[in-house]
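Asker: What follows is target01.pdb; its format and atoms are PDB, C-alpha atoms.
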```
ATOM      1  CA  MET A   8      14.344  -6.700   0.170  1.00  0.00           C
ATOM      2  CA  SER A   9      11.768  -4.395  -1.395  1.00  0.00           C
ATOM      3  CA  ILE A  10      10.714  -1.198   0.393  1.00  0.00           C
ATOM      4  CA  PHE A  11       7.156  -2.595   0.326  1.00  0.00           C
ATOM      5  CA  GLU A  12       8.337  -5.417   2.593  1.00  0.00           C
ATOM      6  CA  TYR A  13      10.041  -3.177   5.162  1.00  0.00           C
ATOM      7  CA  ASN A  14       6.964  -2.814   7.403  1.00  0.00           C
ATOM      8  CA  GLY A  15       5.102  -5.863   6.045  1.00  0.00           C
ATOM      9  CA  SER A  16       1.327  -5.865   5.695  1.00  0.00           C
ATOM     10  CA  ALA A  17      -1.694  -7.614   4.242  1.00  0.00           C
ATOM     11  CA  VAL A  18      -4.992  -6.248   2.887  1.00  0.00           C
ATOM     12  CA  VAL A  19      -7.719  -8.172   1.070  1.00  0.00           C
ATOM     13  CA  ALA A  20     -11.131  -7.034  -0.221  1.00  0.00           C
ATOM     14  CA  MET A  21     -13.978  -9.248  -1.439  1.00  0.00           C
ATOM     15  CA  VAL A  22     -17.376  -8.387  -2.862  1.00  0.00           C
ATOM     16  CA  GLY A  23     -20.326 -10.708  -3.132  1.00  0.00           C
ATOM     17  CA  LYS A  24     -23.888 -10.488  -4.346  1.00  0.00           C
ATOM     18  CA  ASN A  25     -25.278  -8.691  -1.301  1.00  0.00           C
ATOM     19  CA  CYS A  26     -22.197  -8.338   0.841  1.00  0.00           C
ATOM     20  CA  PHE A  27     -18.608  -7.180   0.989  1.00  0.00           C
ATOM     21  CA  ALA A  28     -15.593  -7.679   3.214  1.00  0.00           C
ATOM     22  CA  ILE A  29     -12.276  -5.950   3.681  1.00  0.00           C
ATOM     23  CA  ALA A  30      -9.640  -7.238   6.065  1.00  0.00           C
ATOM     24  CA  SER A  31      -6.061  -6.558   7.062  1.00  0.00           C
ATOM     25  CA  ASP A  32      -3.540  -7.413   9.678  1.00  0.00           C
ATOM     26  CA  ARG A  33      -2.905  -4.786  12.379  1.00  0.00           C
ATOM     27  CA  ARG A  34       0.798  -5.446  12.876  1.00  0.00           C
ATOM     28  CA  LEU A  35       3.385  -2.748  12.298  1.00  0.00           C
ATOM     29  CA  GLY A  36       6.872  -4.135  12.201  1.00  0.00           C
ATOM     30  CA  VAL A  37      10.355  -3.484  10.975  1.00  0.00           C
ATOM     31  CA  GLN A  38      11.312  -6.703   9.227  1.00  0.00           C
ATOM     32  CA  LEU A  39      11.005  -9.343  11.990  1.00  0.00           C
ATOM     33  CA  GLN A  40      10.628  -6.923  14.913  1.00  0.00           C
ATOM     34  CA  THR A  41       7.086  -5.980  15.985  1.00  0.00           C
ATOM     35  CA  ILE A  42       6.598  -2.305  16.814  1.00  0.00           C
ATOM     36  CA  ALA A  43       2.801  -2.222  17.334  1.00  0.00           C
ATOM     37  CA  THR A  44      -0.146  -4.585  17.099  1.00  0.00           C
ATOM     38  CA  ASP A  45      -2.888  -1.967  16.709  1.00  0.00           C
ATOM     39  CA  PHE A  46      -1.799  -0.128  13.545  1.00  0.00           C
ATOM     40  CA  GLN A  47      -4.768   0.923  11.402  1.00  0.00           C
ATOM     41  CA  LYS A  48      -4.640  -0.059   7.707  1.00  0.00           C
ATOM     42  CA  ILE A  49      -8.337   0.105   6.769  1.00  0.00           C
ATOM     43  CA  PHE A  50      -9.972   3.522   6.667  1.00  0.00           C
ATOM     44  CA  GLN A  51     -13.591   4.605   6.182  1.00  0.00           C
ATOM     45  CA  ILE A  52     -13.723   7.652   3.925  1.00  0.00           C
ATOM     46  CA  HIS A  53     -17.515   7.978   4.135  1.00  0.00           C
ATOM     47  CA  ASP A  54     -20.499   5.667   4.755  1.00  0.00           C
ATOM     48  CA  ARG A  55     -20.065   3.693   1.541  1.00  0.00           C
ATOM     49  CA  LEU A  56     -16.343   3.937   0.800  1.00  0.00           C
ATOM     50  CA  PHE A  57     -13.498   2.020   2.428  1.00  0.00           C
ATOM     51  CA  LEU A  58      -9.783   2.213   1.742  1.00  0.00           C
ATOM     52  CA  GLY A  59      -7.193  -0.432   2.576  1.00  0.00           C
ATOM     53  CA  LEU A  60      -3.522   0.489   2.411  1.00  0.00           C
ATOM     54  CA  SER A  61      -0.453  -1.686   2.645  1.00  0.00           C
ATOM     55  CA  GLY A  62       3.197  -0.810   2.310  1.00  0.00           C
ATOM     56  CA  LEU A  63       5.470   1.597   4.126  1.00  0.00           C
ATOM     57  CA  GLY A  64       3.801   2.771   7.371  1.00  0.00           C
ATOM     58  CA  THR A  65       4.741   6.443   7.089  1.00  0.00           C
ATOM     59  CA  ASP A  66       3.549   6.641   3.478  1.00  0.00           C
ATOM     60  CA  MET A  67       0.309   4.964   4.541  1.00  0.00           C
ATOM     61  CA  GLN A  68      -0.447   7.684   7.089  1.00  0.00           C
ATOM     62  CA  THR A  69       0.580  10.497   4.736  1.00  0.00           C
ATOM     63  CA  LEU A  70      -1.479   9.158   1.832  1.00  0.00           C
ATOM     64  CA  TYR A  71      -4.537   8.726   4.061  1.00  0.00           C
ATOM     65  CA  GLN A  72      -4.249  12.308   5.360  1.00  0.00           C
ATOM     66  CA  ARG A  73      -3.934  13.678   1.819  1.00  0.00           C
ATOM     67  CA  LEU A  74      -6.969  11.672   0.662  1.00  0.00           C
ATOM     68  CA  VAL A  75      -9.097  12.856   3.591  1.00  0.00           C
ATOM     69  CA  PHE A  76      -8.020  16.442   2.857  1.00  0.00           C
ATOM     70  CA  ARG A  77      -9.042  16.102  -0.808  1.00  0.00           C
ATOM     71  CA  HIS A  78     -12.351  14.470   0.165  1.00  0.00           C
ATOM     72  CA  LYS A  79     -13.183  17.297   2.600  1.00  0.00           C
ATOM     73  CA  LEU A  80     -12.368  19.900  -0.060  1.00  0.00           C
ATOM     74  CA  TYR A  81     -14.692  18.070  -2.438  1.00  0.00           C
ATOM     75  CA  GLN A  82     -17.441  18.027   0.204  1.00  0.00           C
ATOM     76  CA  LEU A  83     -17.101  21.793   0.710  1.00  0.00           C
ATOM     77  CA  ARG A  84     -17.286  22.524  -3.015  1.00  0.00           C
ATOM     78  CA  GLU A  85     -19.923  20.004  -4.090  1.00  0.00           C
ATOM     79  CA  GLU A  86     -21.879  19.667  -0.818  1.00  0.00           C
ATOM     80  CA  ARG A  87     -21.989  15.874  -1.146  1.00  0.00           C
ATOM     81  CA  ASP A  88     -19.757  12.853  -0.677  1.00  0.00           C
ATOM     82  CA  MET A  89     -17.352  11.872  -3.399  1.00  0.00           C
ATOM     83  CA  LYS A  90     -18.489   9.054  -5.685  1.00  0.00           C
ATOM     84  CA  PRO A  91     -16.253   5.972  -5.510  1.00  0.00           C
ATOM     85  CA  GLU A  92     -15.195   6.352  -9.143  1.00  0.00           C
ATOM     86  CA  THR A  93     -14.162   9.961  -8.485  1.00  0.00           C
ATOM     87  CA  PHE A  94     -12.293   8.949  -5.340  1.00  0.00           C
ATOM     88  CA  ALA A  95     -10.459   6.229  -7.269  1.00  0.00           C
ATOM     89  CA  SER A  96      -9.383   8.885  -9.785  1.00  0.00           C
ATOM     90  CA  VAL A  97      -8.111  11.085  -6.942  1.00  0.00           C
ATOM     91  CA  VAL A  98      -6.108   8.172  -5.521  1.00  0.00           C
ATOM     92  CA  LEU A  99      -4.567   7.466  -8.909  1.00  0.00           C
ATOM     93  CA  ALA A 100      -3.766  11.143  -9.455  1.00  0.00           C
ATOM     94  CA  ILE A 101      -2.003  11.437  -6.088  1.00  0.00           C
ATOM     95  CA  LEU A 102       0.020   8.282  -6.681  1.00  0.00           C
ATOM     96  CA  TYR A 103       0.912   9.408 -10.218  1.00  0.00           C
ATOM     97  CA  GLU A 104       1.945  12.974  -9.326  1.00  0.00           C
ATOM     98  CA  LYS A 105       4.467  11.774  -6.717  1.00  0.00           C
ATOM     99  CA  ARG A 106       6.157   9.128  -8.887  1.00  0.00           C
ATOM    100  CA  GLU A 107       9.225  11.173  -9.950  1.00  0.00           C
ATOM    101  CA  ILE A 108      10.086  13.362  -6.940  1.00  0.00           C
ATOM    102  CA  SER A 109       9.305  11.114  -3.994  1.00  0.00           C
ATOM    103  CA  PRO A 110       7.283   8.019  -4.872  1.00  0.00           C
ATOM    104  CA  VAL A 111       4.622   6.742  -2.498  1.00  0.00           C
ATOM    105  CA  PHE A 112       5.388   3.174  -1.468  1.00  0.00           C
ATOM    106  CA  GLU A 113       1.799   2.016  -1.065  1.00  0.00           C
ATOM    107  CA  LYS A 114      -0.498  -0.585  -2.524  1.00  0.00           C
ATOM    108  CA  VAL A 115      -4.170   0.387  -2.435  1.00  0.00           C
ATOM    109  CA  ALA A 116      -7.349  -1.703  -2.143  1.00  0.00           C
ATOM    110  CA  LEU A 117     -10.471   0.408  -2.652  1.00  0.00           C
ATOM    111  CA  LEU A 118     -13.872  -1.052  -1.755  1.00  0.00           C
ATOM    112  CA  TYR A 119     -17.290   0.435  -2.275  1.00  0.00           C
ATOM    113  CA  PRO A 120     -20.465  -1.668  -2.137  1.00  0.00           C
ATOM    114  CA  THR A 121     -23.039  -0.985  -4.860  1.00  0.00           C
ATOM    115  CA  LEU A 122     -26.021  -2.824  -6.281  1.00  0.00           C
ATOM    116  CA  GLY A 123     -23.926  -5.063  -8.525  1.00  0.00           C
ATOM    117  CA  ASN A 124     -20.550  -6.702  -8.314  1.00  0.00           C
ATOM    118  CA  ILE A 125     -17.971  -3.968  -8.531  1.00  0.00           C
ATOM    119  CA  LEU A 126     -14.936  -6.132  -7.964  1.00  0.00           C
ATOM    120  CA  GLU A 127     -14.356  -9.278  -9.933  1.00  0.00           C
ATOM    121  CA  GLY A 128     -12.798 -11.812  -7.604  1.00  0.00           C
ATOM    122  CA  TYR A 129     -10.755 -10.135  -4.901  1.00  0.00           C
ATOM    123  CA  PRO A 130      -7.915  -7.631  -4.883  1.00  0.00           C
ATOM    124  CA  MET A 131      -5.080  -8.538  -2.566  1.00  0.00           C
ATOM    125  CA  LYS A 132      -2.375  -6.044  -1.657  1.00  0.00           C
ATOM    126  CA  GLU A 133       0.305  -7.261   0.705  1.00  0.00           C
ATOM    127  CA  THR A 134       3.780  -8.573   1.145  1.00  0.00           C
ATOM    128  CA  ALA A 135       2.573 -11.987   2.368  1.00  0.00           C
ATOM    129  CA  TYR A 136       0.698 -12.839  -0.844  1.00  0.00           C
ATOM    130  CA  ARG A 137       1.614 -16.528  -0.916  1.00  0.00           C
ATOM    131  CA  ARG A 138       0.457 -17.073   2.669  1.00  0.00           C
ATOM    132  CA  PHE A 139      -2.750 -15.100   2.170  1.00  0.00           C
ATOM    133  CA  ALA A 140      -3.864 -16.315  -1.274  1.00  0.00           C
ATOM    134  CA  GLY A 141      -4.575 -19.923  -0.277  1.00  0.00           C
ATOM    135  CA  PRO A 142      -7.153 -19.275   2.470  1.00  0.00           C
ATOM    136  CA  THR A 143      -8.831 -16.572   0.362  1.00  0.00           C
ATOM    137  CA  LEU A 144      -9.147 -18.842  -2.673  1.00  0.00           C
ATOM    138  CA  THR A 145     -10.512 -21.580  -0.401  1.00  0.00           C
ATOM    139  CA  LEU A 146     -13.162 -19.244   1.041  1.00  0.00           C
ATOM    140  CA  ARG A 147     -14.052 -18.063  -2.455  1.00  0.00           C
ATOM    141  CA  SER A 148     -14.458 -21.600  -3.856  1.00  0.00           C
ATOM    142  CA  GLU A 149     -16.385 -22.908  -0.829  1.00  0.00           C
ATOM    143  CA  SER A 150     -18.918 -20.113  -1.088  1.00  0.00           C
ATOM    144  CA  ALA A 151     -19.318 -20.313  -4.880  1.00  0.00           C
ATOM    145  CA  GLY A 152     -22.976 -20.333  -5.763  1.00  0.00           C
ATOM    146  CA  ASN A 153     -23.954 -18.877  -2.406  1.00  0.00           C
ATOM    147  CA  GLU A 154     -23.779 -15.249  -1.317  1.00  0.00           C
ATOM    148  CA  TRP A 155     -20.362 -14.374  -2.780  1.00  0.00           C
ATOM    149  CA  ASP A 156     -21.310 -14.800  -6.463  1.00  0.00           C
TER     150      ASP A 156
END
```
Please express what this file holds, its structure, as structure tokens.
Answerer:
Amino acid sequence: MSIFEYNGSAVVAMVGKNCFAIASDRRLGVQLQTIATDFQKIFQIHDRLFLGLSGLGTDMQTLYQRLVFRHKLYQLREERDMKPETFASVVLAILYEKREISPVFEKVALLYPTLGNILEGYPMKETAYRRFAGPTLTLRSESAGNEWD
């Protein structure tokens, strides 16, 4: 069993023409045992930036706290919110700097709505990929030509 599957989780993000969606499960478990059913996995960094995390529960909380800390430092220095591209670079830098000493066991879905399509298709980050991919592909194909494209 992979460490990513220890707590089990699912996060999916979709962007359409004039809309976006990000969803996750709220279950925190240890293998087949449920610990909580109200565990937060989607976080709002600022008005136009959302972060979905899946993986080990403790790493999820730690990574979120570090990202909020970096965002607040940026706000103090620059006196504005961080652009999504800059925030994505910060996420990558944090994940990269911890790879040797103590790796962060997280998969990240970053969503920020803009005027155009910023995500092609949909990123899915979870341990239940096979169960989650079918309904998402169905929703995507049913709405083709409508609001999602």
Asker: May I ask for the distance between CA of Met21 in chain A and CA of Leu102 in chain A, given in Å to one decimal place?
Answerer: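 Taking CA of Met21 in chain A and CA of Leu102 in chain A, their separation equals 23.0 Å.
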Asker: Any chance you could resolve the PyMOL selection byres ((chain A and resi 67) around 12) against this file and give the residues as JSON, numbers by chain?
Answerer: {"A": [11, 14, 15, 16, 35, 46, 47, 48, 49, 50, 58, 59, 60, 61, 62, 63, 64, 65, 66, 68, 69, 70, 71, 72, 73, 74, 102, 111, 112, 113, 114, 115]}
Asker: Quick one: of A:Asp88, A:Ile42, A:Gln82, A:Asn25, who's nearest to Arg55 in chain A, counting all atoms listed in the file?
Answerer: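 So, comparing all the options, the nearest one is A:Asp88.
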Asker: Can you measure CA of Gly23 in chain A to CA of Arg77 in chain A for me? One decimal in Å is fine.
Answerer: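 Separation of CA of Gly23 in chain A and CA of Arg77 in chain A: 29.2 Å.
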Asker: Quick one: which residues end up in the PyMOL selection byres ((chain A and resi 89-97) around 8) for this structure, as a list of chain:residue names?
Answerer: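 Taken over the shown coordinates, the PyMOL selection byres ((chain A and resi 89-97) around 8) returns A:Leu56, A:Leu74, A:Arg77, A:His78, A:Tyr81, A:Gln82, A:Arg87, A:Asp88, A:Val98, A:Leu99, A:Ala100, A:Ile101, A:Leu117, A:Tyr119.
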Asker: Calculated over only C-alpha atoms, which of the candidates A:Val22, A:Val37, A:Ala43, A:Ile29 has the smallest distance to Ile10 in chain A?
Answerer: A:Val37
Asker: In Å, how far is it from CA of Ser9 in chain A to CA of Glu104 in chain A?
Answerer: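 CA of Glu104 in chain A lies 21.5 Å from CA of Ser9 in chain A.
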Asker: Quick one: which residues end up in the PyMOL selection byres ((chain A and resi 30) around 8) for this structure, as a ChimeraX atom specification?
Answerer: /A:18-20,28-29,31-32,49
